[in-house]
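Below is the file structure.txt, which contains compact mmCIF, C-alpha atoms and all ligand atoms.
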# COMPACT_ATOMS: atom_id res chain seq x y z
CA MET K 1 89.70 124.43 105.70
CA ASP K 2 92.38 127.04 106.08
CA ILE K 3 92.25 129.73 103.36
CA LYS K 4 95.22 131.96 102.58
CA ILE K 5 94.65 134.79 100.10
CA VAL K 6 97.72 135.99 98.24
CA ASN K 7 98.60 138.54 95.59
CA GLY K 8 99.21 137.24 92.09
CA LYS K 9 101.21 134.31 90.76
CA ASP K 10 104.40 135.25 92.62
CA GLY K 11 102.61 135.53 95.94
CA LEU K 12 101.03 132.13 95.39
CA ALA K 13 104.31 130.47 94.41
CA LYS K 14 106.15 131.85 97.45
CA GLU K 15 103.40 130.97 99.92
CA ALA K 16 103.07 127.43 98.54
CA ALA K 17 106.82 126.79 98.41
CA ASN K 18 107.24 128.04 101.99
CA TYR K 19 104.40 125.81 103.12
CA ILE K 20 106.05 122.76 101.52
CA VAL K 21 109.49 123.61 102.93
CA GLU K 22 108.03 124.07 106.43
CA HIS K 23 106.32 120.69 106.07
CA LEU K 24 109.62 119.04 105.07
CA LYS K 25 111.57 120.71 107.90
CA LYS K 26 109.38 119.00 110.49
CA ARG K 27 110.33 115.51 109.24
CA ASP K 28 113.34 113.36 108.40
CA ALA K 29 111.52 111.98 105.38
CA SER K 30 108.28 112.67 103.59
CA VAL K 31 106.04 111.39 100.84
CA LEU K 32 104.74 114.22 98.67
CA GLY K 33 101.84 113.96 96.26
CA LEU K 34 102.49 116.28 93.32
CA ALA K 35 100.39 117.96 90.67
CA THR K 36 100.90 119.34 87.17
CA GLY K 37 99.05 122.03 85.19
CA SER K 38 100.10 125.67 84.95
CA THR K 39 99.23 126.62 88.55
CA PRO K 40 102.11 124.85 90.38
CA VAL K 41 104.83 125.85 87.86
CA GLY K 42 105.85 128.90 89.93
CA THR K 43 105.85 126.83 93.12
CA TYR K 44 108.31 124.35 91.58
CA LYS K 45 110.50 127.26 90.41
CA GLU K 46 110.50 128.69 93.91
CA LEU K 47 111.32 125.31 95.47
CA ILE K 48 114.24 124.91 93.04
CA ALA K 49 115.52 128.38 94.06
CA MET K 50 115.22 127.48 97.75
CA HIS K 51 117.04 124.20 97.10
CA LYS K 52 119.87 126.04 95.33
CA GLU K 53 120.14 128.41 98.32
CA GLY K 54 120.55 125.36 100.57
CA LYS K 55 117.21 125.88 102.31
CA VAL K 56 115.71 122.51 101.40
CA SER K 57 116.79 119.03 100.36
CA PHE K 58 114.65 116.41 98.66
CA ALA K 59 117.10 113.56 99.23
CA ASN K 60 114.72 111.84 101.65
CA VAL K 61 111.54 112.70 99.81
CA HIS K 62 109.45 110.26 97.78
CA THR K 63 106.96 111.75 95.33
CA PHE K 64 103.84 110.43 93.63
CA ASN K 65 102.14 112.44 90.91
CA LEU K 66 98.39 112.54 90.69
CA ASP K 67 97.99 111.64 87.07
CA GLU K 68 99.36 110.95 83.59
CA TYR K 69 97.91 110.89 80.09
CA VAL K 70 97.34 107.48 78.57
CA GLY K 71 99.44 106.84 75.46
CA LEU K 72 102.12 109.51 75.81
CA LYS K 73 105.72 108.33 76.20
CA ASN K 74 107.83 109.76 79.06
CA THR K 75 109.83 111.63 76.43
CA ASP K 76 106.74 113.26 74.90
CA THR K 77 106.90 116.95 75.79
CA ASN K 78 103.23 116.88 76.77
CA SER K 79 103.51 113.94 79.14
CA TYR K 80 103.42 114.74 82.82
CA HIS K 81 106.67 112.72 83.19
CA TYR K 82 108.38 115.21 80.91
CA TYR K 83 106.80 118.18 82.69
CA MET K 84 107.95 116.99 86.12
CA LYS K 85 111.50 116.20 84.99
CA GLU K 86 111.94 119.45 83.09
CA LEU K 87 110.31 121.76 85.60
CA PHE K 88 111.31 120.14 88.86
CA PHE K 89 113.07 116.80 89.33
CA SER K 90 116.14 117.45 87.17
CA HIS K 91 116.89 120.60 89.22
CA ILE K 92 116.70 119.10 92.71
CA ASP K 93 118.39 116.28 94.63
CA VAL K 94 115.55 113.76 94.65
CA PRO K 95 116.99 110.35 93.66
CA GLU K 96 115.70 108.94 90.35
CA ASP K 97 114.08 105.92 92.06
CA GLN K 98 112.14 108.08 94.54
CA PHE K 99 109.81 109.92 92.18
CA HIS K 100 106.84 108.20 90.63
CA LEU K 101 104.13 108.87 88.07
CA PRO K 102 101.59 106.44 86.67
CA LYS K 103 102.89 104.83 83.45
CA GLY K 104 100.57 106.02 80.69
CA THR K 105 102.12 103.63 78.17
CA ALA K 106 101.78 100.50 80.33
CA GLU K 107 100.51 97.53 78.31
CA ASP K 108 97.95 96.72 80.96
CA ILE K 109 96.61 100.05 82.16
CA GLU K 110 94.26 98.51 84.75
CA ALA K 111 97.16 96.58 86.28
CA GLU K 112 99.22 99.78 86.31
CA CYS K 113 96.52 101.49 88.41
CA HIS K 114 96.74 98.69 91.02
CA THR K 115 100.54 98.73 91.00
CA TYR K 116 100.57 102.49 91.54
CA GLU K 117 98.19 102.27 94.51
CA LYS K 118 100.27 99.46 96.02
CA LEU K 119 103.47 101.45 95.67
CA ILE K 120 101.94 104.46 97.43
CA ARG K 121 100.82 102.19 100.27
CA GLN K 122 104.21 100.45 100.52
CA THR K 123 105.95 103.82 100.72
CA GLY K 124 103.80 104.68 103.75
CA GLY K 125 101.05 106.79 102.16
CA ILE K 126 101.10 110.42 101.16
CA ASP K 127 102.00 112.97 103.84
CA LEU K 128 101.27 116.13 101.86
CA GLN K 129 99.25 116.23 98.65
CA LEU K 130 99.60 119.24 96.38
CA LEU K 131 96.52 119.88 94.21
CA GLY K 132 95.29 122.20 91.49
CA ILE K 133 91.68 122.48 90.39
CA GLY K 134 90.06 122.32 86.95
CA THR K 135 87.54 124.94 85.82
CA ASN K 136 84.85 122.24 86.15
CA GLY K 137 85.99 121.44 89.69
CA HIS K 138 88.08 118.38 88.80
CA ILE K 139 91.00 117.35 90.98
CA GLY K 140 93.73 115.19 89.46
CA PHE K 141 91.78 114.00 86.43
CA ASN K 142 88.69 113.07 88.44
CA GLU K 143 85.99 114.55 86.29
CA PRO K 144 82.51 115.58 87.51
CA GLY K 145 80.51 112.51 88.51
CA THR K 146 83.52 110.48 89.73
CA SER K 147 82.67 108.44 92.82
CA PHE K 148 84.11 109.77 96.06
CA GLN K 149 85.09 106.12 96.72
CA SER K 150 87.30 105.97 93.62
CA ARG K 151 90.89 104.71 93.77
CA THR K 152 93.56 105.09 91.05
CA HIS K 153 91.72 104.47 87.77
CA VAL K 154 91.52 105.18 84.04
CA VAL K 155 89.29 108.07 83.00
CA THR K 156 87.82 109.40 79.80
CA LEU K 157 88.63 113.10 79.78
CA ASP K 158 85.80 115.61 79.58
CA GLU K 159 85.68 117.64 76.37
CA SER K 160 85.99 120.80 78.51
CA THR K 161 89.21 119.45 80.07
CA ARG K 162 90.64 118.49 76.68
CA GLU K 163 89.80 121.99 75.41
CA ALA K 164 91.36 123.64 78.49
CA ASN K 165 94.54 121.57 78.08
CA ALA K 166 94.70 121.96 74.26
CA ARG K 167 96.79 125.12 74.74
CA PHE K 168 99.79 122.85 75.48
CA PHE K 169 99.35 120.77 72.30
CA ASP K 170 99.59 121.63 68.58
CA ALA K 171 95.94 120.76 68.02
CA ILE K 172 92.97 119.56 70.09
CA GLU K 173 93.08 116.19 68.23
CA ASP K 174 96.49 115.60 69.82
CA VAL K 175 95.12 115.86 73.36
CA PRO K 176 94.77 112.31 74.70
CA THR K 177 91.24 111.09 75.38
CA HIS K 178 92.18 109.07 78.46
CA ALA K 179 94.31 109.45 81.55
CA ILE K 180 95.27 107.55 84.70
CA THR K 181 94.47 109.43 87.88
CA MET K 182 94.59 108.82 91.58
CA GLY K 183 90.99 108.55 92.75
CA ILE K 184 89.14 110.84 95.13
CA GLU K 185 89.45 108.35 97.98
CA SER K 186 93.18 107.92 97.29
CA ILE K 187 93.61 111.72 97.38
CA LEU K 188 91.63 112.06 100.62
CA GLU K 189 93.96 109.54 102.32
CA ALA K 190 96.80 112.09 102.28
CA LYS K 191 97.47 113.39 105.79
CA ASP K 192 97.52 117.03 104.65
CA ILE K 193 96.29 118.63 101.44
CA LEU K 194 97.49 121.87 99.86
CA LEU K 195 95.24 123.21 97.10
CA LEU K 196 96.40 126.03 94.83
CA VAL K 197 93.82 128.16 93.03
CA ALA K 198 94.74 130.98 90.66
CA GLY K 199 92.93 133.15 88.14
CA LYS K 200 89.36 134.34 87.69
CA GLU K 201 88.43 131.38 85.50
CA LYS K 202 88.68 129.23 88.65
CA GLY K 203 86.19 131.46 90.53
CA GLU K 204 83.16 129.26 89.91
CA ALA K 205 84.93 126.04 90.95
CA LEU K 206 86.29 127.80 94.06
CA SER K 207 82.85 129.10 94.94
CA GLU K 208 81.45 125.54 94.76
CA LEU K 209 84.29 124.30 96.95
CA LEU K 210 83.81 127.01 99.57
CA TYR K 211 80.05 127.50 99.59
CA GLY K 212 78.36 124.76 97.50
CA ASP K 213 76.99 121.37 98.58
CA VAL K 214 79.41 118.47 98.86
CA ARG K 215 78.56 116.43 95.76
CA GLU K 216 80.16 114.16 93.17
CA ASP K 217 79.23 116.62 90.37
CA ILE K 218 81.97 118.89 91.68
CA PRO K 219 84.87 116.59 92.63
CA ALA K 220 86.75 119.27 94.60
CA THR K 221 83.90 119.49 97.14
CA ALA K 222 85.12 116.11 98.48
CA LEU K 223 87.93 118.09 100.11
CA ARG K 224 85.42 119.47 102.62
CA LYS K 225 85.35 115.96 104.14
CA HIS K 226 89.10 116.10 104.86
CA PRO K 227 90.32 117.34 108.26
CA SER K 228 93.47 119.14 107.07
CA VAL K 229 93.13 121.18 103.87
CA THR K 230 94.93 124.46 103.20
CA VAL K 231 93.84 126.50 100.18
CA ILE K 232 96.18 129.14 98.80
CA VAL K 233 94.18 131.35 96.49
CA ASP K 234 95.07 134.49 94.57
CA THR K 235 92.87 137.59 94.85
CA GLU K 236 91.61 137.17 91.25
CA ALA K 237 90.14 133.73 91.94
CA TYR K 238 88.90 134.75 95.38
CA GLN K 239 87.06 137.80 94.08
CA ALA K 240 85.50 135.77 91.27
CA ALA K 241 84.20 133.15 93.72
C1 LIG M 301 94.91 119.30 84.61
C2 LIG M 301 95.53 118.42 85.70
C3 LIG M 301 95.05 118.84 87.07
C4 LIG M 301 95.17 120.34 87.21
C5 LIG M 301 94.24 121.01 86.23
C6 LIG M 301 94.28 122.54 86.30
O1 LIG M 301 93.77 118.77 84.04
N1 LIG M 301 95.30 117.03 85.53
O2 LIG M 301 95.82 118.16 88.06
O3 LIG M 301 94.87 120.75 88.51
O4 LIG M 301 94.61 120.62 84.93
O5 LIG M 301 95.32 123.03 85.53
P1 LIG M 301 95.85 124.50 85.51
O6 LIG M 301 96.66 124.66 86.76
O7 LIG M 301 96.69 124.59 84.28
O8 LIG M 301 94.68 125.39 85.47
Can you give me the file's structure in the form of structure tokens?
Amino acid sequence: MDIKIVNGKDGLAKEAANYIVEHLKKRDASVLGLATGSTPVGTYKELIAMHKEGKVSFANVHTFNLDEYVGLKNTDTNSYHYYMKELFFSHIDVPEDQFHLPKGTAEDIEAECHTYEKLIRQTGGIDLQLLGIGTNGHIGFNEPGTSFQSRTHVVTLDESTREANARFFDAIEDVPTHAITMGIESILEAKDILLLVAGKEKGEALSELLYGDVREDIPATALRKHPSVTVIVDTEAYQAA
């Protein structure tokens, strides 16, 4: 695991965006796995700025997001579809049919999980997966206890995750109880993984990832089994670990 320690949110955003742009420069086309949450917001902003300066194009990029809430329409401001369009896709040149998120309103959610997996495979698999981490060590929406053999599946969200994400909703009752997420095994199939960790509240999860045992109780520890993981961490999180 390659660890890069950076200063503050700006440092993290710049380092992560540069990493992604360098990755894209080496290829004619790429499949990116993308993440939501507050941590990557600055990275998307930075990528948009670099795109506007002509430093990067996403015309040959396909993207697959890690997860989506069950039951929220694409137009719901709390859906990850909305987040991705508002904060990234509508500002870059990625064609509409090249970005993908699981459909949280699909009639048959189980079937949607299979379809999503199939689409990732048909597109050639993920080259670079961007990840954040939950305070309980979750990645995507794979909560503690999720099997390391899991593929894209429906999850019941932990109360702690619903509480942590309630800040984006009017009330905790509005936070969905279920989500679709790529599984741990699906995530580990990415050729390279870039994990972003920011803030002291992530210290404990980071400490488990860096120094704890590899175990299903802390989903992020699965990353230690992957041969190519880069972690960009701000000093606050690093010092708290
Ligand atoms: C959510 C997302 C995760 C994300 C995590 C951390 O639950 N499903 O993909 O990594 O929150 O979010 P934040 O970056 O806001 O701390």
Report as lines of an AutoDock Vina configuration file the centre and the edge lengths, in Å to one decimal, of the axis-aligned box holding every listed atom of segment 201-210 of chain K, padded by 5 Å on each side.
center_x = 85.1
center_y = 127.9
center_z = 92.5
size_x = 17.2
size_y = 17.2
size_z = 24.1
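With atom CA of Lys52 of chain K on one side and atom CA of Thr230 of chain K on the other, the separation reads 26.2 Å.
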May I have a table of the residues of chain K lying at most 7 Å from ligand LIG 301 (chain M), giving each one's closest pair of atoms and their distance in Å to one decimal, counting only C-alpha atoms and all ligand atoms, ordered by chain and ascending residue number, as a Markdown table?
| residue | atom | partner | partner_atom | distance |
| --- | --- | --- | --- | --- |
| K:Ala35 | CA | M:LIG301 | O2 | 5.3 |
| K:Thr36 | CA | M:LIG301 | O2 | 5.3 |
| K:Gly37 | CA | M:LIG301 | O7 | 3.6 |
| K:Ser38 | CA | M:LIG301 | O7 | 3.6 |
| K:Thr39 | CA | M:LIG301 | O6 | 3.7 |
| K:Pro40 | CA | M:LIG301 | O6 | 6.5 |
| K:Leu66 | CA | M:LIG301 | O2 | 6.7 |
| K:Asp67 | CA | M:LIG301 | N1 | 6.2 |
| K:Leu131 | CA | M:LIG301 | O3 | 6.0 |
| K:Gly132 | CA | M:LIG301 | O3 | 3.3 |
| K:Ile133 | CA | M:LIG301 | O3 | 4.1 |
| K:Gly134 | CA | M:LIG301 | C6 | 4.3 |
| K:Ile139 | CA | M:LIG301 | O2 | 5.7 |
| K:Gly140 | CA | M:LIG301 | O2 | 3.9 |
| K:Phe141 | CA | M:LIG301 | N1 | 4.7 |
| K:Thr161 | CA | M:LIG301 | O1 | 6.1 |
| K:Asn165 | CA | M:LIG301 | O1 | 6.6 |
Q.
Just the number, please: distance in Å from atom CA of Asp97 of chain K to atom CA of His81 of chain K, one decimal.
A. 13.4 Å
Enumerate, in order of chain and increasing residue number, the residues of segment 52-156 of chain K with an atom no farther than 12 Å from segment 224-229 of chain K, each with its shortest atom pair and distance in Å to one decimal, counting all atoms listed in the file, as a tab-separated table.
residue	atom	partner	partner_atom	distance
K:Asp127	CA	K:Ser228	CA	11.0
K:Leu128	CA	K:Val229	CA	9.8
K:Gln129	CA	K:Val229	CA	9.4
K:Leu130	CA	K:Val229	CA	10.1
K:Leu131	CA	K:Val229	CA	10.3
K:Phe148	CA	K:Lys225	CA	10.3
Q) Could you name the residues that touch Val233 of chain K at 10 Å or less, counting all atoms listed in the file, but leaving out those on the same chain fewer than 4 positions away, as a ChimeraX atom specification? A) /K:3-9,11-12,15-16,195-199,202-203,206,237-239
Q. For the atom pair atom CA of Ser30 of chain K and atom CA of Asn65 of chain K, what is the interatomic distance in Å to one decimal place?
A. 14.1 Å
Q) When distances are computed from only C-alpha atoms, which of K:Asp192, K:Asp93, K:Asp170, K:Asp217 shows the smallest separation from Tyr19 of chain K? A) K:Asp192
Q: Give the answer as one residue: which of K:Val175, K:Ile48, K:Ala13, K:Ala222 has the shortest atom-to-atom distance to Glu86 of chain K, using all atoms listed in the file?
A: K:Ile48
Q: Would you mind telling me which residue in K:Glu185, K:Glu110, K:Glu216, K:Glu236 lies nearest to Val154 of chain K when using only C-alpha atoms?
A: K:Glu110
Q | Within 7 Å of Thr63 of chain K using all atoms listed in the file, minus same-chain residues under 2 positions, as a PyMOL selection string | A | chain K and resi 31-34+61+65+98-100
Q) Neighbours of Asn142 of chain K within 7 Å (all atoms listed in the file; same-chain residues fewer than 2 positions away dropped), as a ChimeraX atom specification? A) /K:138-140,144,146,181,183,219
Q. Nearest to Ser79 of chain K: which of K:Leu101, K:Glu143, K:Tyr44, K:Ile232 is it, counting all atoms listed in the file?
A. K:Leu101
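Proximity to Ile180 of chain K was assessed for K:Glu68, K:Asp234, K:Glu96, K:Glu208 counting all atoms listed in the file; the smallest distance is recorded for K:Glu68.
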Would you mind writing segment 205-223 of chain K with N, CA and C atoms, as a CSV table (one decimal), in the frame of the given file?
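Result written to part24.csv:
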chain,number,residue,atom,x,y,z
K,205,ALA,N,84.6,127.3,90.3
K,205,ALA,CA,84.9,126.0,91.0
K,205,ALA,C,85.3,126.3,92.4
K,206,LEU,N,85.9,127.4,92.7
K,206,LEU,CA,86.3,127.8,94.1
K,206,LEU,C,85.0,128.1,94.9
K,207,SER,N,84.1,128.8,94.3
K,207,SER,CA,82.8,129.1,94.9
K,207,SER,C,82.1,127.8,95.3
K,208,GLU,N,82.1,126.8,94.4
K,208,GLU,CA,81.4,125.5,94.8
K,208,GLU,C,82.2,124.9,95.9
K,209,LEU,N,83.5,124.9,95.9
K,209,LEU,CA,84.3,124.3,97.0
K,209,LEU,C,84.0,125.0,98.3
K,210,LEU,N,84.0,126.3,98.3
K,210,LEU,CA,83.8,127.0,99.6
K,210,LEU,C,82.4,127.0,100.1
K,211,TYR,N,81.4,127.2,99.1
K,211,TYR,CA,80.0,127.5,99.6
K,211,TYR,C,79.0,126.5,99.1
K,212,GLY,N,79.4,125.7,98.1
K,212,GLY,CA,78.4,124.8,97.5
K,212,GLY,C,78.1,123.5,98.3
K,213,ASP,N,77.2,122.6,97.9
K,213,ASP,CA,77.0,121.4,98.6
K,213,ASP,C,78.1,120.4,98.2
K,214,VAL,N,78.4,119.5,99.1
K,214,VAL,CA,79.4,118.5,98.9
K,214,VAL,C,78.7,117.5,97.9
K,215,ARG,N,79.2,117.3,96.7
K,215,ARG,CA,78.6,116.4,95.8
K,215,ARG,C,79.5,116.0,94.7
K,216,GLU,N,79.2,114.8,94.1
K,216,GLU,CA,80.2,114.2,93.2
K,216,GLU,C,80.2,114.9,91.8
K,217,ASP,N,79.2,115.8,91.6
K,217,ASP,CA,79.2,116.6,90.4
K,217,ASP,C,80.4,117.6,90.4
K,218,ILE,N,80.8,118.0,91.6
K,218,ILE,CA,82.0,118.9,91.7
K,218,ILE,C,83.0,118.2,92.5
K,219,PRO,N,83.9,117.4,91.9
K,219,PRO,CA,84.9,116.6,92.6
K,219,PRO,C,85.6,117.3,93.8
K,220,ALA,N,86.0,118.6,93.6
K,220,ALA,CA,86.8,119.3,94.6
K,220,ALA,C,86.0,119.4,95.9
K,221,THR,N,84.6,119.3,95.9
K,221,THR,CA,83.9,119.5,97.1
K,221,THR,C,84.2,118.3,98.1
K,222,ALA,N,84.7,117.2,97.6
K,222,ALA,CA,85.1,116.1,98.5
K,222,ALA,C,86.1,116.6,99.5
K,223,LEU,N,86.9,117.6,99.2
K,223,LEU,CA,87.9,118.1,100.1
K,223,LEU,C,87.3,118.6,101.4
